[in-house]
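Written out below as structure tokens is the structure these notes cover.
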Amino acid sequence: MEDRASAETLISIFGDKRVTGLKAVILLSLTLPIFLNLIFCLIEEWSDFFERLLTLKEIMLILFSAIGGYFVQFHLRDVEEKYVLKYLRSVKHHETSEEKRKIIDGTNDYIVRHNVVAQRAFKFLFITGGCIPLLQITIKTLKMYLTGVEAEKMVFVIHLYLPVGYRTPLIYLVTQLAAFVLYGFLVYMWGVNYKVFLIGLKCLSTEVCLLVESLKELDSFEKTPALTANEEELVVVSAVEQRKLKDHLNRTIEQHQDILQSLKLVNDCTKLYIFLFINVYSIQLGLYIIFILKLKELALKMKYVFLYIVVLIIQMQWAIYAQDIQDNGEKLRMALYNCSWLDKPRWMKRCLILMIMKANQPLELRPYGLYALNKSCMANMMKATYTYVNIVNELLSRK
């Protein structure tokens with residue numbers, strides 16, 4: 001039997017350093033000049049539709065990923081400190097049955113596994129989008145320096161505009177090194193944010209599953225028929241059993257209230273992240289498809305194919321776990337309706353009615369109240385992406 005991951009082991013996974021202090025100064029000092037360069041690049045290359053698309057992609061990357069990502073990291077830190085770590089410290093108190101233990105162990109295994117997967121996914125993005133282009137840039141710079149000839153087809157980490165007279169080896173290398181450092185900051189920030197976000201969704205889904213199991217345990221208390229003045233109903237055998245039932249129901253109600261509060265916290269702290277994340281990666285997916293279709297160089301086509309696959313997997317994961325929260329909310333409602341409340345004392349019926357009223361509100365993340373985060377949202381996003389791709393492809397084919 002494998003050793004179970006302890007709470008201390010799981011907590012040690014978190015605590016990643018955020019981009020603050022000197023690192024934040026470097027990030028913002030690189031972001032502003034690169035953003036201004038991209039605006040100038042957009043003006044200069046407006047006539048070339050393909051170059052315009054490439055420049056717009058980089059502008060969106062700077063606006064959403066750099067500027068937005070800097071502020072988002074602090075919101076996700078609140079999710080980590082105020083919810084995820086709290087969950088990890090307290091979840092052991094819910095291990096009252098073998099089924100609950102399996103649910104908790106499954107989530108613990110996921111946290112360990114996802115920590116590794118998230119690191120590798122964003123390392124892959126860093127290598128393919130940063131390290132490989134920088135290696136190509138270094139080789140091309142050496143050729144420019146040795147031959148004294150300006151490069152015609154330039155390679156970029158971030159697509160920047162260099163006037164023809166300024167395409168010297170030194171300027172080319174320095175500007176792309178700056179772009180490489182900025183890209184590294186972006187990948188690091190969003191990798192940490194992505195890890196916390198998905199683990200937060202998984203913890204919420206797990207808490208709802210544990211609540212459903214707690215409701216099933218209500219039927220485990222012994223009962224016996226007892227006549228009352230108005231009706232015959234089942235009551236607990238003894239005062240001791242009734243006390244146990246009340247304690248269990250109190251814990252269940254508190255658990256339900258904690259879930260609703262945690263859901264609100266996660267929704268409030270991640271609404272900006274979700275909005276930026278969906279927009280950034282939806283744009284990236286569409287542009288990757290266009291580049292795959294229109295670029296002539298096989299190496300660039302393969303680069304964007306791999307990037308498309310990784311980004312698509314990243315997008316699918318948030319949809320899957322957000323859908324799990326919504327589905328488990330439906331299971332919670334069914335568990336409340338299906339528990340044998342007819343033969344319970346009146347005080348317990350009143351408590352269950354209040355829980356049912358609360359459970360009728362869907363458990364879902366809704367950033368800024370615009371849309372519910374689930375698989376349907378992912379499907380609509382993909383439809384819109386491919387619609388835009390078809391429009392752009394049609395425009396390019398007419399040229």
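Chain identifiers are assigned as A, B, and so on, following the order in which chains appear in the structure tokens; residues are numbered from 1 within each chain, and ligands are numbered from 1 in order of appearance.
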Applying 8 Å and only C-alpha atoms, which residues near Pro133 in chain A remain after dropping the ones on its own chain fewer than 6 positions away? List them as a PDB file with N, CA and C atoms, in the first residue's frame.
ATOM      1  N   VAL A 155      13.937  35.984 -36.638  1.00  0.00           N
ATOM      2  CA  VAL A 155      13.246  35.148 -35.659  1.00  0.00           C
ATOM      3  C   VAL A 155      13.010  35.998 -34.410  1.00  0.00           C
ATOM      4  N   PHE A 156      11.830  35.807 -33.763  1.00  0.00           N
ATOM      5  CA  PHE A 156      11.490  36.628 -32.605  1.00  0.00           C
ATOM      6  C   PHE A 156      10.993  35.754 -31.459  1.00  0.00           C
ATOM      7  N   VAL A 157      11.336  36.137 -30.227  1.00  0.00           N
ATOM      8  CA  VAL A 157      10.651  35.615 -29.048  1.00  0.00           C
ATOM      9  C   VAL A 157       9.301  36.322 -28.940  1.00  0.00           C
TER      10      VAL A 157
END
Worksheet entry | Selection: 10 Å around range 259-263 of chain A, only C-alpha atoms, excl. self and same-chain fewer than 5 positions, as number ranges by chain | A: 79, 82-84, 87, 200-201, 203-205, 207-208, 211, 253-254, 268-269, 325, 358-359, 361, 363-365
Worksheet entry | Contact residues around Met382 in chain A with only C-alpha atoms at 12 Å, ignoring same-chain residues under 4 positions, as a list in words | Ile278, Asn279, Tyr281, Ser282, Ile283, Gln284, Leu285, Gly286, Ile289, Leu312, Gln315, Met316, Ala319, Lys375, Ser376, Cys377, Met378, Tyr386, Thr387, Tyr388 and Val389 of chain A
Restrict the selected residues to N, CA, C and O atoms and save them as a short mmCIF file (atom, residue, chain, number, x, y, z; two decimals), in the first residue's frame.
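Writing the result to part39.cif gives the following:
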data_model
loop_
_atom_site.label_atom_id
_atom_site.label_comp_id
_atom_site.auth_asym_id
_atom_site.auth_seq_id
_atom_site.Cartn_x
_atom_site.Cartn_y
_atom_site.Cartn_z
N ILE A 278 -9.37 33.23 -20.37
CA ILE A 278 -10.18 32.78 -21.49
C ILE A 278 -9.90 33.63 -22.73
O ILE A 278 -9.75 33.10 -23.84
N ASN A 279 -9.80 34.95 -22.56
CA ASN A 279 -9.55 35.82 -23.70
C ASN A 279 -8.17 35.60 -24.31
O ASN A 279 -8.03 35.49 -25.53
N TYR A 281 -6.08 32.95 -24.12
CA TYR A 281 -5.84 31.66 -24.75
C TYR A 281 -6.81 31.38 -25.89
O TYR A 281 -6.49 30.61 -26.80
N SER A 282 -7.98 31.99 -25.89
CA SER A 282 -8.88 31.86 -27.03
C SER A 282 -8.28 32.54 -28.26
O SER A 282 -8.30 32.00 -29.37
N ILE A 283 -7.74 33.74 -28.05
CA ILE A 283 -7.07 34.45 -29.13
C ILE A 283 -5.87 33.65 -29.62
O ILE A 283 -5.64 33.51 -30.83
N GLN A 284 -5.10 33.11 -28.67
CA GLN A 284 -3.92 32.33 -29.03
C GLN A 284 -4.30 31.10 -29.86
O GLN A 284 -3.66 30.80 -30.88
N LEU A 285 -5.37 30.41 -29.46
CA LEU A 285 -5.79 29.22 -30.20
C LEU A 285 -6.16 29.57 -31.63
O LEU A 285 -5.76 28.87 -32.59
N GLY A 286 -6.94 30.64 -31.80
CA GLY A 286 -7.34 31.04 -33.15
C GLY A 286 -6.15 31.41 -34.02
O GLY A 286 -6.06 30.99 -35.18
N ILE A 289 -4.03 28.43 -35.18
CA ILE A 289 -4.61 27.73 -36.32
C ILE A 289 -4.28 28.46 -37.62
O ILE A 289 -3.92 27.83 -38.63
N LEU A 312 -4.68 24.02 -25.78
CA LEU A 312 -6.01 23.41 -25.80
C LEU A 312 -6.23 22.54 -24.57
O LEU A 312 -7.32 22.57 -23.96
N GLN A 315 -6.87 24.75 -21.63
CA GLN A 315 -8.24 25.28 -21.67
C GLN A 315 -9.26 24.22 -21.24
O GLN A 315 -10.21 24.52 -20.52
N MET A 316 -9.07 22.99 -21.68
CA MET A 316 -10.03 21.93 -21.37
C MET A 316 -10.06 21.61 -19.89
O MET A 316 -11.10 21.25 -19.34
N ALA A 319 -12.36 23.83 -17.86
CA ALA A 319 -13.76 23.52 -18.17
C ALA A 319 -14.21 22.24 -17.46
O ALA A 319 -15.33 22.16 -16.95
N LYS A 375 -18.41 23.20 -19.32
CA LYS A 375 -18.07 22.67 -20.64
C LYS A 375 -18.84 23.37 -21.75
O LYS A 375 -18.33 23.51 -22.87
N SER A 376 -20.05 23.81 -21.46
CA SER A 376 -20.81 24.55 -22.46
C SER A 376 -20.12 25.86 -22.81
O SER A 376 -20.08 26.27 -23.98
N CYS A 377 -19.56 26.52 -21.79
CA CYS A 377 -18.80 27.75 -22.03
C CYS A 377 -17.59 27.46 -22.91
O CYS A 377 -17.29 28.22 -23.84
N MET A 378 -16.91 26.34 -22.65
CA MET A 378 -15.76 25.94 -23.46
C MET A 378 -16.19 25.68 -24.90
O MET A 378 -15.53 26.10 -25.86
N TYR A 386 -13.31 29.23 -33.91
CA TYR A 386 -13.26 28.71 -35.28
C TYR A 386 -14.04 29.60 -36.25
O TYR A 386 -13.70 29.66 -37.44
N THR A 387 -15.05 30.30 -35.76
CA THR A 387 -15.75 31.26 -36.61
C THR A 387 -14.81 32.40 -37.00
O THR A 387 -14.75 32.79 -38.19
N TYR A 388 -14.07 32.92 -36.02
CA TYR A 388 -13.11 33.98 -36.32
C TYR A 388 -12.01 33.49 -37.25
O TYR A 388 -11.55 34.22 -38.14
N VAL A 389 -11.58 32.25 -37.05
CA VAL A 389 -10.54 31.68 -37.92
C VAL A 389 -11.03 31.61 -39.37
O VAL A 389 -10.30 31.95 -40.31
#
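Here the residues within range 127-335 of chain A that DSSP labels strand (DSSP E or B) on the basis of the backbone are Lys223, Thr224, Pro225, Ala226, Leu227, Glu232, Glu233, Leu234, Val235 and Val236 of chain A.
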Go ahead and write the selection's residues with all heavy atoms as a JSON list (two decimals), in the first residue's frame.
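part-v5.json written:
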[["chain", "number", "residue", "atom", "x", "y", "z"],
["A", 223, "LYS", "N", -33.39, 4.22, 14.73],
["A", 223, "LYS", "CA", -34.71, 4.82, 14.98],
["A", 223, "LYS", "C", -35.68, 3.72, 15.45],
["A", 223, "LYS", "O", -35.45, 2.54, 15.21],
["A", 223, "LYS", "CB", -35.26, 5.48, 13.70],
["A", 223, "LYS", "CG", -34.35, 6.56, 13.13],
["A", 223, "LYS", "CD", -34.85, 7.05, 11.81],
["A", 223, "LYS", "CE", -34.62, 6.01, 10.72],
["A", 223, "LYS", "NZ", -33.23, 5.81, 10.41],
["A", 224, "THR", "N", -36.77, 4.17, 16.09],
["A", 224, "THR", "CA", -37.81, 3.23, 16.52],
["A", 224, "THR", "C", -39.17, 3.93, 16.45],
["A", 224, "THR", "O", -39.24, 5.14, 16.65],
["A", 224, "THR", "CB", -37.55, 2.72, 17.95],
["A", 224, "THR", "OG1", -38.47, 1.69, 18.25],
["A", 224, "THR", "CG2", -37.72, 3.85, 18.96],
["A", 225, "PRO", "N", -40.27, 3.21, 16.16],
["A", 225, "PRO", "CA", -41.58, 3.88, 16.09],
["A", 225, "PRO", "C", -41.98, 4.43, 17.45],
["A", 225, "PRO", "O", -41.77, 3.81, 18.49],
["A", 225, "PRO", "CB", -42.51, 2.76, 15.65],
["A", 225, "PRO", "CG", -41.63, 1.73, 15.03],
["A", 225, "PRO", "CD", -40.34, 1.80, 15.77],
["A", 226, "ALA", "N", -42.61, 5.63, 17.44],
["A", 226, "ALA", "CA", -43.11, 6.23, 18.67],
["A", 226, "ALA", "C", -44.37, 7.02, 18.34],
["A", 226, "ALA", "O", -44.38, 7.81, 17.41],
["A", 226, "ALA", "CB", -42.06, 7.15, 19.30],
["A", 227, "LEU", "N", -45.44, 6.77, 19.09],
["A", 227, "LEU", "CA", -46.72, 7.45, 18.85],
["A", 227, "LEU", "C", -46.70, 8.84, 19.48],
["A", 227, "LEU", "O", -46.23, 9.02, 20.61],
["A", 227, "LEU", "CB", -47.87, 6.62, 19.42],
["A", 227, "LEU", "CG", -48.14, 5.30, 18.71],
["A", 227, "LEU", "CD1", -49.22, 4.53, 19.47],
["A", 227, "LEU", "CD2", -48.59, 5.53, 17.27],
["A", 232, "GLU", "N", -47.91, 9.28, 13.88],
["A", 232, "GLU", "CA", -46.86, 8.32, 14.23],
["A", 232, "GLU", "C", -45.62, 8.69, 13.42],
["A", 232, "GLU", "O", -45.67, 8.83, 12.21],
["A", 232, "GLU", "CB", -47.30, 6.89, 13.88],
["A", 232, "GLU", "CG", -46.24, 5.85, 14.23],
["A", 232, "GLU", "CD", -46.70, 4.44, 13.89],
["A", 232, "GLU", "OE1", -47.88, 4.26, 13.57],
["A", 232, "GLU", "OE2", -45.86, 3.53, 13.94],
["A", 233, "GLU", "N", -44.52, 8.90, 14.07],
["A", 233, "GLU", "CA", -43.29, 9.22, 13.37],
["A", 233, "GLU", "C", -42.13, 8.47, 14.03],
["A", 233, "GLU", "O", -42.23, 8.00, 15.16],
["A", 233, "GLU", "CB", -43.02, 10.72, 13.39],
["A", 233, "GLU", "CG", -42.80, 11.27, 14.77],
["A", 233, "GLU", "CD", -42.47, 12.74, 14.73],
["A", 233, "GLU", "OE1", -42.59, 13.37, 13.66],
["A", 233, "GLU", "OE2", -42.08, 13.26, 15.78],
["A", 234, "LEU", "N", -41.02, 8.35, 13.31],
["A", 234, "LEU", "CA", -39.85, 7.66, 13.83],
["A", 234, "LEU", "C", -38.96, 8.66, 14.54],
["A", 234, "LEU", "O", -38.69, 9.75, 14.02],
["A", 234, "LEU", "CB", -39.07, 7.01, 12.70],
["A", 234, "LEU", "CG", -39.78, 5.82, 12.02],
["A", 234, "LEU", "CD1", -38.91, 5.29, 10.90],
["A", 234, "LEU", "CD2", -40.07, 4.71, 13.01],
["A", 235, "VAL", "N", -38.50, 8.34, 15.70],
["A", 235, "VAL", "CA", -37.59, 9.19, 16.45],
["A", 235, "VAL", "C", -36.39, 8.36, 16.84],
["A", 235, "VAL", "O", -36.38, 7.14, 16.75],
["A", 235, "VAL", "CB", -38.27, 9.76, 17.73],
["A", 235, "VAL", "CG1", -39.45, 10.63, 17.36],
["A", 235, "VAL", "CG2", -38.73, 8.63, 18.65],
["A", 236, "VAL", "N", -35.35, 9.04, 17.27],
["A", 236, "VAL", "CA", -34.14, 8.34, 17.68],
["A", 236, "VAL", "C", -34.40, 7.55, 18.95],
["A", 236, "VAL", "O", -35.16, 7.97, 19.82],
["A", 236, "VAL", "CB", -33.01, 9.37, 17.90],
["A", 236, "VAL", "CG1", -31.73, 8.69, 18.32],
["A", 236, "VAL", "CG2", -32.79, 10.16, 16.61]]
Discussion item. As an MDAnalysis selection string, please: the residues near Met334 in chain A (cut-off 10 Å, only C-alpha atoms, same-chain neighbours under 4 positions excluded).
Written reply: chainID A and resid 212 328:330 338:339 356 359
